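Enquirer: Sharing run.tsv (TSV, C-alpha atoms and all ligand atoms) below.
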```
chain	number	residue	atom	x	y	z
Q	8	MET	CA	131.84	-34.53	-18.90
Q	9	ALA	CA	131.28	-34.32	-22.62
Q	10	VAL	CA	129.36	-36.96	-24.48
Q	11	LYS	CA	131.48	-38.69	-27.09
Q	12	ILE	CA	130.42	-40.88	-29.98
Q	13	ILE	CA	132.42	-44.01	-30.66
Q	14	ASN	CA	131.79	-45.53	-34.06
Q	15	ILE	CA	131.99	-49.27	-33.92
Q	16	PHE	CA	130.42	-50.83	-37.05
Q	17	THR	CA	131.19	-54.28	-35.72
Q	18	ASP	CA	129.34	-57.43	-36.55
Q	19	VAL	CA	128.29	-58.91	-33.23
Q	20	LEU	CA	129.31	-62.37	-34.40
Q	21	GLU	CA	132.68	-61.36	-35.83
Q	22	GLU	CA	134.65	-63.20	-33.15
Q	23	ASN	CA	132.66	-66.37	-33.82
Q	24	GLU	CA	133.26	-66.05	-37.56
Q	25	LYS	CA	137.01	-65.78	-37.04
Q	26	ILE	CA	137.07	-69.02	-35.09
Q	27	ALA	CA	134.75	-70.63	-37.66
Q	28	ALA	CA	137.22	-69.69	-40.39
Q	29	SER	CA	140.07	-71.33	-38.52
Q	30	ASN	CA	137.96	-74.50	-37.98
Q	31	ARG	CA	137.34	-74.50	-41.67
Q	32	GLU	CA	141.04	-74.31	-42.42
Q	33	ILE	CA	141.53	-77.42	-40.32
Q	34	PHE	CA	138.81	-79.24	-42.25
Q	35	GLU	CA	140.27	-78.21	-45.58
Q	36	LYS	CA	143.82	-79.12	-44.64
Q	37	ASN	CA	142.66	-82.58	-43.61
Q	38	ASN	CA	140.27	-83.14	-46.51
Q	39	VAL	CA	137.30	-83.45	-44.21
Q	40	PHE	CA	133.85	-82.45	-45.46
Q	41	ALA	CA	131.89	-80.89	-42.59
Q	42	VAL	CA	128.10	-80.78	-42.44
Q	43	ASN	CA	126.26	-78.66	-39.88
Q	44	LEU	CA	122.99	-80.50	-39.29
Q	45	MET	CA	120.20	-78.42	-37.79
Q	46	SER	CA	116.52	-78.78	-36.97
Q	47	ALA	CA	113.88	-78.23	-34.33
Q	48	PRO	CA	113.91	-80.79	-31.51
Q	49	GLY	CA	112.52	-84.14	-32.62
Q	50	ALA	CA	112.69	-83.61	-36.37
Q	51	GLY	CA	115.00	-86.59	-36.71
Q	52	LYS	CA	118.63	-85.45	-36.80
Q	53	THR	CA	120.03	-88.50	-35.02
Q	54	SER	CA	117.83	-90.87	-37.03
Q	55	LEU	CA	119.07	-89.32	-40.26
Q	56	ILE	CA	122.67	-89.70	-39.10
Q	57	GLU	CA	122.01	-93.37	-38.31
Q	58	LYS	CA	120.45	-94.00	-41.73
Q	59	THR	CA	123.24	-92.15	-43.50
Q	60	ILE	CA	125.91	-94.16	-41.68
Q	61	ASP	CA	124.06	-97.39	-42.55
Q	62	PHE	CA	124.05	-96.45	-46.20
Q	63	LEU	CA	127.56	-95.02	-46.51
Q	64	LYS	CA	129.68	-96.89	-43.95
Q	65	ASN	CA	131.34	-99.09	-46.56
Q	66	SER	CA	132.22	-96.28	-48.94
Q	67	ILE	CA	133.27	-93.33	-46.77
Q	68	LYS	CA	134.62	-92.81	-43.28
Q	69	ILE	CA	132.25	-90.85	-41.09
Q	70	ALA	CA	132.63	-89.17	-37.71
Q	71	VAL	CA	130.04	-87.32	-35.65
Q	72	LEU	CA	130.23	-84.32	-33.37
Q	73	GLU	CA	127.18	-84.35	-31.11
Q	74	GLY	CA	125.95	-81.10	-29.68
Q	75	ASP	CA	123.53	-81.42	-26.82
Q	76	ILE	CA	122.49	-79.12	-24.02
Q	77	THR	CA	123.13	-81.61	-21.22
Q	78	SER	CA	122.51	-85.24	-22.14
Q	79	SER	CA	124.51	-87.85	-24.03
Q	80	ILE	CA	121.50	-89.86	-25.22
Q	81	ASP	CA	122.17	-89.17	-28.89
Q	82	SER	CA	125.84	-90.10	-28.82
Q	83	GLU	CA	125.00	-93.32	-26.94
Q	84	ARG	CA	122.62	-94.16	-29.78
Q	85	LEU	CA	125.56	-93.97	-32.19
Q	86	GLU	CA	127.87	-96.26	-30.16
Q	87	LYS	CA	126.78	-99.34	-32.08
Q	88	TYR	CA	128.29	-98.00	-35.30
Q	89	HIS	CA	131.85	-97.98	-33.93
Q	90	ILE	CA	132.70	-94.65	-35.51
Q	91	PRO	CA	134.37	-91.68	-33.81
Q	92	VAL	CA	131.76	-89.69	-31.88
Q	93	ILE	CA	132.63	-86.68	-29.76
Q	94	GLN	CA	130.02	-85.15	-27.52
Q	95	ILE	CA	129.83	-81.45	-26.70
Q	96	ASN	CA	127.53	-80.40	-23.89
Q	97	THR	CA	126.71	-76.77	-24.41
Q	98	GLY	CA	125.66	-76.33	-20.78
Q	99	GLY	CA	122.46	-74.48	-21.53
Q	100	GLU	CA	123.36	-72.78	-24.78
Q	101	CYS	CA	120.78	-73.38	-27.49
Q	102	HIS	CA	123.32	-73.76	-30.31
Q	103	LEU	CA	126.86	-74.83	-31.03
Q	104	ASN	CA	129.29	-72.00	-31.64
Q	105	ALA	CA	132.61	-72.08	-33.45
Q	106	TYR	CA	134.58	-72.02	-30.20
Q	107	MET	CA	132.87	-75.13	-28.82
Q	108	VAL	CA	133.59	-76.94	-32.08
Q	109	SER	CA	137.23	-75.79	-32.08
Q	110	GLU	CA	137.65	-77.25	-28.58
Q	111	ALA	CA	136.37	-80.62	-29.78
Q	112	LEU	CA	138.39	-80.89	-32.99
Q	113	PRO	CA	141.70	-82.05	-31.43
Q	114	HIS	CA	139.90	-85.20	-30.27
Q	115	PHE	CA	139.44	-86.44	-33.84
Q	116	LYS	CA	142.02	-88.32	-35.89
Q	117	PHE	CA	141.32	-86.57	-39.16
Q	118	ASN	CA	143.29	-88.84	-41.47
Q	119	ASP	CA	140.62	-91.45	-40.77
Q	120	ILE	CA	137.67	-89.20	-41.58
Q	121	ASP	CA	136.06	-88.15	-44.88
Q	122	LEU	CA	132.85	-86.72	-43.50
Q	123	LEU	CA	132.21	-85.00	-40.18
Q	124	ILE	CA	128.56	-84.59	-39.30
Q	125	ILE	CA	128.05	-81.89	-36.68
Q	126	GLU	CA	124.70	-82.44	-35.03
Q	127	ASN	CA	123.61	-79.07	-33.73
Q	128	VAL	CA	121.31	-78.45	-30.77
Q	129	GLY	CA	117.62	-78.69	-31.65
Q	130	ASN	CA	116.56	-75.10	-32.35
Q	131	LEU	CA	115.85	-73.10	-35.49
Q	132	VAL	CA	116.97	-69.62	-34.43
Q	133	CYS	CA	120.55	-69.38	-33.17
Q	134	PRO	CA	122.16	-72.25	-35.09
Q	135	ALA	CA	121.40	-70.32	-38.27
Q	136	GLU	CA	123.38	-67.34	-36.91
Q	137	PHE	CA	126.47	-69.11	-35.62
Q	138	LYS	CA	128.80	-70.55	-38.24
Q	139	VAL	CA	130.99	-73.37	-37.00
Q	140	GLY	CA	133.24	-73.73	-40.05
Q	141	GLU	CA	131.02	-76.13	-41.96
Q	142	ASP	CA	131.13	-76.81	-45.72
Q	143	MET	CA	127.37	-76.79	-45.81
Q	144	LYS	CA	124.38	-76.31	-43.57
Q	145	VAL	CA	121.70	-78.96	-43.82
Q	146	MET	CA	118.36	-78.58	-42.13
Q	147	ILE	CA	115.73	-81.14	-41.38
Q	148	LEU	CA	112.07	-80.30	-41.20
Q	149	SER	CA	109.64	-83.04	-40.30
Q	150	VAL	CA	106.24	-83.24	-41.97
Q	151	PRO	CA	104.19	-82.69	-38.76
Q	152	GLU	CA	105.86	-79.28	-38.27
Q	153	GLY	CA	103.72	-77.81	-41.03
Q	154	HIS	CA	104.26	-75.88	-44.23
Q	155	ASP	CA	104.62	-72.44	-42.56
Q	156	LYS	CA	107.99	-73.14	-40.94
Q	157	PRO	CA	110.00	-71.45	-43.73
Q	158	LYS	CA	108.14	-68.18	-43.12
Q	159	LYS	CA	108.67	-68.44	-39.36
Q	160	TYR	CA	112.38	-69.23	-39.48
Q	161	PRO	CA	113.51	-67.71	-42.78
Q	162	LEU	CA	117.20	-67.34	-41.96
Q	163	MET	CA	117.59	-71.07	-41.43
Q	164	PHE	CA	116.15	-71.72	-44.89
Q	165	ARG	CA	118.17	-68.94	-46.50
Q	166	GLU	CA	121.47	-70.19	-45.07
Q	167	SER	CA	120.99	-73.91	-45.66
Q	168	ARG	CA	122.23	-75.69	-48.76
Q	169	VAL	CA	119.92	-78.66	-48.25
Q	170	LEU	CA	116.43	-79.14	-46.86
Q	171	ILE	CA	115.51	-82.63	-45.80
Q	172	ILE	CA	111.80	-83.16	-45.34
Q	173	ASN	CA	111.65	-86.07	-42.92
Q	174	LYS	CA	108.78	-88.32	-41.81
Q	175	ILE	CA	107.09	-88.35	-45.21
Q	176	ASP	CA	105.49	-91.62	-44.06
Q	177	LEU	CA	103.24	-89.34	-41.96
Q	178	LYS	CA	102.08	-87.09	-44.77
Q	179	ASP	CA	98.61	-88.62	-45.01
Q	180	PHE	CA	98.07	-87.99	-41.31
Q	181	CYS	CA	99.06	-84.31	-41.21
Q	182	ASP	CA	97.61	-81.11	-42.62
Q	183	THR	CA	100.98	-80.17	-44.03
Q	184	ASP	CA	100.87	-79.38	-47.74
Q	185	LEU	CA	104.21	-80.54	-49.12
Q	186	GLU	CA	103.88	-78.48	-52.30
Q	187	VAL	CA	103.24	-75.29	-50.30
Q	188	LEU	CA	106.10	-76.17	-47.99
Q	189	LYS	CA	108.52	-76.56	-50.91
Q	190	LYS	CA	107.25	-73.39	-52.57
Q	191	ASN	CA	107.71	-71.41	-49.34
Q	192	ALA	CA	111.20	-72.79	-48.86
Q	193	LEU	CA	112.28	-72.13	-52.46
Q	194	GLU	CA	110.97	-68.56	-52.34
Q	195	ILE	CA	113.41	-67.89	-49.54
Q	196	ASN	CA	116.22	-69.87	-51.12
Q	197	PRO	CA	115.85	-70.98	-54.75
Q	198	SER	CA	119.09	-72.95	-54.68
Q	199	LEU	CA	117.95	-75.23	-51.84
Q	200	GLU	CA	118.39	-78.89	-52.63
Q	201	ILE	CA	115.32	-80.69	-51.26
Q	202	PHE	CA	115.07	-84.37	-50.33
Q	203	GLU	CA	111.92	-86.07	-49.10
Q	204	VAL	CA	112.87	-88.87	-46.76
Q	205	SER	CA	111.54	-91.18	-44.13
Q	206	CYS	CA	114.03	-92.38	-41.57
Q	207	LYS	CA	111.40	-94.93	-40.59
Q	208	THR	CA	110.88	-96.61	-43.97
Q	209	GLY	CA	114.22	-95.63	-45.47
Q	210	ALA	CA	112.60	-93.76	-48.37
Q	211	GLY	CA	114.84	-91.09	-49.91
Q	212	ILE	CA	117.93	-92.05	-47.90
Q	213	GLU	CA	119.71	-93.33	-50.99
Q	214	GLU	CA	119.17	-90.07	-52.95
Q	215	TRP	CA	120.33	-87.95	-50.02
Q	216	SER	CA	123.39	-90.16	-49.36
Q	217	ASN	CA	124.42	-90.15	-53.01
Q	218	PHE	CA	124.12	-86.36	-53.12
Q	219	LEU	CA	126.31	-86.15	-50.03
Q	220	VAL	CA	128.97	-88.39	-51.59
Q	221	ARG	CA	129.00	-86.25	-54.75
Q	222	LYS	CA	129.50	-83.14	-52.60
Q	223	ILE	CA	132.31	-84.76	-50.61
Q	224	LYS	CA	134.13	-85.81	-53.77
Q	225	SER	CA	133.70	-82.56	-55.66
D	4	MET	CA	97.46	-63.98	-32.85
D	5	TRP	CA	98.08	-65.32	-29.37
D	6	LYS	CA	99.99	-68.16	-30.99
D	7	GLU	CA	102.37	-65.85	-32.84
D	8	LYS	CA	103.23	-63.98	-29.64
D	9	ASN	CA	103.84	-67.25	-27.91
D	10	GLN	CA	106.27	-68.21	-30.67
D	11	ASN	CA	108.35	-65.15	-29.94
D	12	ARG	CA	108.34	-65.89	-26.27
D	13	LYS	CA	109.64	-69.38	-26.95
D	14	GLY	CA	112.58	-67.81	-28.70
D	15	LYS	CA	113.62	-65.89	-25.63
D	16	ILE	CA	116.60	-67.92	-24.52
D	17	HIS	CA	118.12	-67.70	-27.97
D	18	GLU	CA	119.05	-64.06	-27.60
D	19	LEU	CA	121.12	-64.59	-24.45
D	20	SER	CA	124.49	-65.42	-25.96
D	21	ILE	CA	124.09	-62.75	-28.61
D	22	THR	CA	123.41	-60.15	-25.91
D	23	GLU	CA	126.44	-61.33	-23.96
D	24	GLU	CA	128.56	-60.77	-27.05
D	25	ILE	CA	127.10	-57.28	-27.58
D	26	LEU	CA	127.94	-56.31	-24.01
D	27	ARG	CA	131.45	-57.79	-24.25
D	28	ILE	CA	132.27	-55.82	-27.42
D	29	CYS	CA	130.83	-52.56	-26.03
D	30	LEU	CA	132.71	-52.80	-22.75
D	31	GLU	CA	135.92	-53.54	-24.60
D	32	GLU	CA	135.48	-50.56	-26.95
D	33	ALA	CA	134.51	-48.25	-24.08
D	34	ASN	CA	137.52	-49.38	-22.11
D	35	ARG	CA	139.82	-48.74	-25.06
D	36	ALA	CA	138.38	-45.23	-25.41
D	37	GLY	CA	138.81	-44.59	-21.69
D	38	ALA	CA	135.08	-43.99	-21.20
D	39	LYS	CA	133.62	-43.84	-17.70
D	40	ARG	CA	130.05	-44.57	-18.67
D	41	ILE	CA	128.13	-45.87	-21.69
D	42	ILE	CA	125.02	-43.77	-22.29
D	43	LYS	CA	123.59	-45.27	-25.43
D	44	ILE	CA	124.27	-48.17	-27.77
D	45	LYS	CA	122.89	-48.21	-31.29
D	46	LEU	CA	122.25	-51.66	-32.76
D	47	LYS	CA	121.06	-52.71	-36.19
D	48	ILE	CA	119.17	-55.97	-36.39
D	49	GLY	CA	118.05	-57.31	-39.74
D	50	GLU	CA	114.51	-58.56	-40.28
D	51	ILE	CA	115.59	-62.05	-41.37
D	52	THR	CA	117.52	-62.82	-38.19
D	53	ASN	CA	114.56	-63.83	-35.97
D	54	ILE	CA	116.19	-61.93	-33.13
D	55	VAL	CA	113.58	-60.23	-30.98
D	56	PRO	CA	114.75	-56.73	-29.91
D	57	GLU	CA	112.70	-56.85	-26.70
D	58	CYS	CA	114.58	-59.99	-25.66
D	59	VAL	CA	117.94	-58.40	-26.34
D	60	SER	CA	116.95	-55.36	-24.24
D	61	PHE	CA	115.65	-57.60	-21.48
D	62	TYR	CA	118.91	-59.54	-21.24
D	63	PHE	CA	121.01	-56.44	-21.66
D	64	ASN	CA	119.45	-54.84	-18.58
D	65	ILE	CA	120.26	-57.91	-16.51
D	66	LEU	CA	123.76	-58.56	-17.85
D	67	SER	CA	124.96	-54.96	-17.76
D	68	LYS	CA	124.09	-54.34	-14.08
D	69	GLY	CA	127.09	-53.18	-12.10
D	70	SER	CA	129.14	-52.38	-15.22
D	71	ILE	CA	129.73	-49.01	-16.89
D	72	ALA	CA	126.96	-49.99	-19.31
D	73	GLY	CA	124.57	-50.35	-16.37
D	74	ASN	CA	122.16	-47.60	-17.35
D	75	ALA	CA	122.88	-47.58	-21.06
D	76	LYS	CA	119.95	-47.17	-23.41
D	77	LEU	CA	119.76	-49.74	-26.18
D	78	ASP	CA	118.55	-48.19	-29.39
D	79	ILE	CA	117.66	-51.03	-31.75
D	80	GLU	CA	116.88	-50.36	-35.38
D	81	LYS	CA	115.15	-53.14	-37.29
D	82	ILE	CA	116.50	-53.27	-40.83
D	83	PRO	CA	114.04	-54.46	-43.49
D	84	ILE	CA	115.06	-57.03	-46.06
D	85	ARG	CA	116.14	-55.57	-49.39
D	86	GLY	CA	117.00	-57.63	-52.41
D	87	LYS	CA	118.80	-56.92	-55.66
D	88	CYS	CA	117.87	-58.84	-58.78
D	89	LYS	CA	120.92	-60.46	-60.37
D	90	ASN	CA	119.11	-60.51	-63.69
D	91	CYS	CA	117.73	-56.96	-64.14
D	92	ARG	CA	119.60	-55.24	-61.25
D	93	ARG	CA	116.41	-53.87	-59.72
D	94	GLU	CA	116.47	-53.24	-55.98
D	95	PHE	CA	113.33	-53.86	-53.94
D	96	PHE	CA	111.94	-54.65	-50.47
D	97	VAL	CA	111.45	-58.35	-49.94
D	98	GLU	CA	107.92	-58.88	-48.64
D	99	ASP	CA	106.96	-61.99	-46.73
D	100	PHE	CA	110.43	-63.50	-47.28
D	101	ALA	CA	109.74	-64.10	-50.97
D	102	PHE	CA	113.00	-63.53	-52.84
D	103	VAL	CA	111.40	-62.99	-56.24
D	104	CYS	CA	112.09	-59.95	-58.45
D	105	PRO	CA	108.88	-57.91	-58.92
D	106	GLU	CA	110.21	-56.65	-62.27
D	107	CYS	CA	111.32	-59.77	-64.14
D	108	MET	CA	110.19	-62.51	-61.70
D	109	SER	CA	113.74	-63.85	-61.46
D	110	ARG	CA	114.59	-65.82	-58.33
D	111	GLU	CA	118.25	-64.95	-58.55
D	112	VAL	CA	118.07	-62.33	-55.84
D	113	GLU	CA	120.92	-61.18	-53.70
D	114	MET	CA	120.11	-60.01	-50.17
D	115	ILE	CA	121.63	-56.55	-49.74
D	116	SER	CA	120.19	-55.81	-46.30
D	117	GLY	CA	118.18	-57.55	-43.60
D	118	ARG	CA	120.92	-59.86	-42.33
D	119	GLU	CA	122.50	-57.29	-39.99
D	120	LEU	CA	123.50	-57.94	-36.44
D	121	THR	CA	125.71	-54.95	-35.93
D	122	ILE	CA	126.79	-52.54	-33.24
D	123	ASP	CA	126.71	-49.23	-35.01
D	124	PHE	CA	127.95	-46.70	-32.46
D	125	MET	CA	127.95	-45.83	-28.76
D	126	GLU	CA	127.55	-42.61	-26.85
D	127	VAL	CA	129.90	-42.51	-23.90
D	128	GLN	CA	131.13	-40.12	-21.24
Q	301	ZN	ZN	114.72	-58.73	-62.08
```
Just give me the structure of the file as structure tokens.
Expert:
Amino acid sequence: MAVKIINIFTDVLEENEKIAASNREIFEKNNVFAVNLMSAPGAGKTSLIEKTIDFLKNSIKIAVLEGDITSSIDSERLEKYHIPVIQINTGGECHLNAYMVSEALPHFKFNDIDLLIIENVGNLVCPAEFKVGEDMKVMILSVPEGHDKPKKYPLMFRESRVLIINKIDLKDFCDTDLEVLKKNALEINPSLEIFEVSCKTGAGIEEWSNFLVRKIKS
Amino acid sequence: MWKEKNQNRKGKIHELSITEEILRICLEEANRAGAKRIIKIKLKIGEITNIVPECVSFYFNILSKGSIAGNAKLDIEKIPIRGKCKNCRREFFVEDFAFVCPECMSREVEMISGRELTIDFMEVQ
């Protein structure tokens, strides 16, 4: 039997991008600003969400979509805020994809939401690849992770609109050079907006929250 | 250097769903073309993606067992990162993920390759 060549030229993630685009239409139609929040495990995604809700709860209406491999620990942490929280268990997948998000969206009442924070699974590789329909990607890097992270996970830094450097209260106890870290990050993506915060002391939360509000309203 | 290798190994699970998608698309295309067997699949993976070709091959061998892609050879081409300066239009290879124009030092650099995650073609029977 003769060998035949089939040209494909297909982006492997094309199907995901189609679903992401339809998620995005839903966000736009309902005037919801969607943030895809990503980081390595333990960098402080849930803490940042808590601090952001604390700061903004009286001015904008926030909802959270929690992605987690199996547990619901993070969404339980958010119960005290009495805001809409939907949990997605990815069942082993290391990232949220557009399909998982599309399945969760009907559970939200969008006329009561200005901002949807999508907390991705803790991982710096796949979440950068899979769009979910977000308005912007925001990544958190905590000070103890070191200043080489941008060079190790460049796509994450290239794709993100915002870099939040968390745990700056620990900077005197780590070897991380914040100036080198910022230089490395900006070499990959010169339009990155960078905020230095501490979810422990509250430093920088105001600047980040105000930036977020400006984005939502623009 | 042991540490670097270990980093890659940690990334292993991340390639699983991407490999599943590759196999799904290839089987669908082969089916549409009425192919009996997939001999070779050519993939292009950009340097910035952090996707480790060895991991994709590893998963592919497991996932494709029993299908018409069972003995297919995965030919993975790593695509280097190329940038194009928005200021002086110069094209260049981006070294060490530094998106800075070597000509005019501008940081307004568009990525023109290196982001690929593409199935290029298949050889089938
Ligand atoms: Zn230039």
Enquirer: Pick out the chain Q residues within 7 Å of chain D. Count only C-alpha atoms. Give them as a ChimeraX atom specification.
Expert: /Q:8-19,101,132-133,158,160-162,194-195,197
Enquirer: Env of Q:Lys25: 10 Å cut, atoms = all atoms listed in the file, seq-sep filter 3 positions within chain, self excluded. Answer as a list in words.
Expert: Leu20, Glu21, Glu22, Ala28, Ser29, Asn30, Arg31, Ala105, Tyr106, Lys138, Val139 and Gly140 of chain Q
Enquirer: Quick one: of D:Gly69, D:Ser116, D:Ile79, D:Asn34, who's nearest to D:Pro56, counting only C-alpha atoms?
Expert: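 Residue with the minimum atom-to-atom distance to D:Pro56: D:Ile79.
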Enquirer: If we count only C-alpha atoms, what is near Q:Tyr88 at a cut-off of 9 Å, once residues fewer than 5 positions away on the same chain are taken out, given as a list in words?
Expert: Glu57, Ile60, Asp61 and Lys64 of chain Q
Enquirer: Write out, as a JSON list (two decimals), in the frame of the given file, the residues just selected, with C-alpha atoms.
Expert:
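Final output, again.json:
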```json
[["chain", "number", "residue", "atom", "x", "y", "z"],
["Q", 57, "GLU", "CA", 122.01, -93.37, -38.31],
["Q", 60, "ILE", "CA", 125.91, -94.16, -41.68],
["Q", 61, "ASP", "CA", 124.06, -97.39, -42.55],
["Q", 64, "LYS", "CA", 129.68, -96.89, -43.95]]
```
Enquirer: List all protein, DNA and RNA residues that have an atom no more than 7 Å from any atom of ligand ZN 301 (chain Q), counting all atoms listed in the file, and report them as an MDAnalysis selection string.
Expert: chainID D and resid 88:93 104:109
Enquirer: How many Å separate atom CA of Q:Gly74 from atom CA of Q:Val128?
Expert: 5.5 Å
Enquirer: Using atom CA of D:Glu57 and atom CA of D:Ile82 as the two end points, give the distance in Å to one decimal.
Expert: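 One can read the atom CA of D:Glu57 to atom CA of D:Ile82 distance as 15.1 Å.
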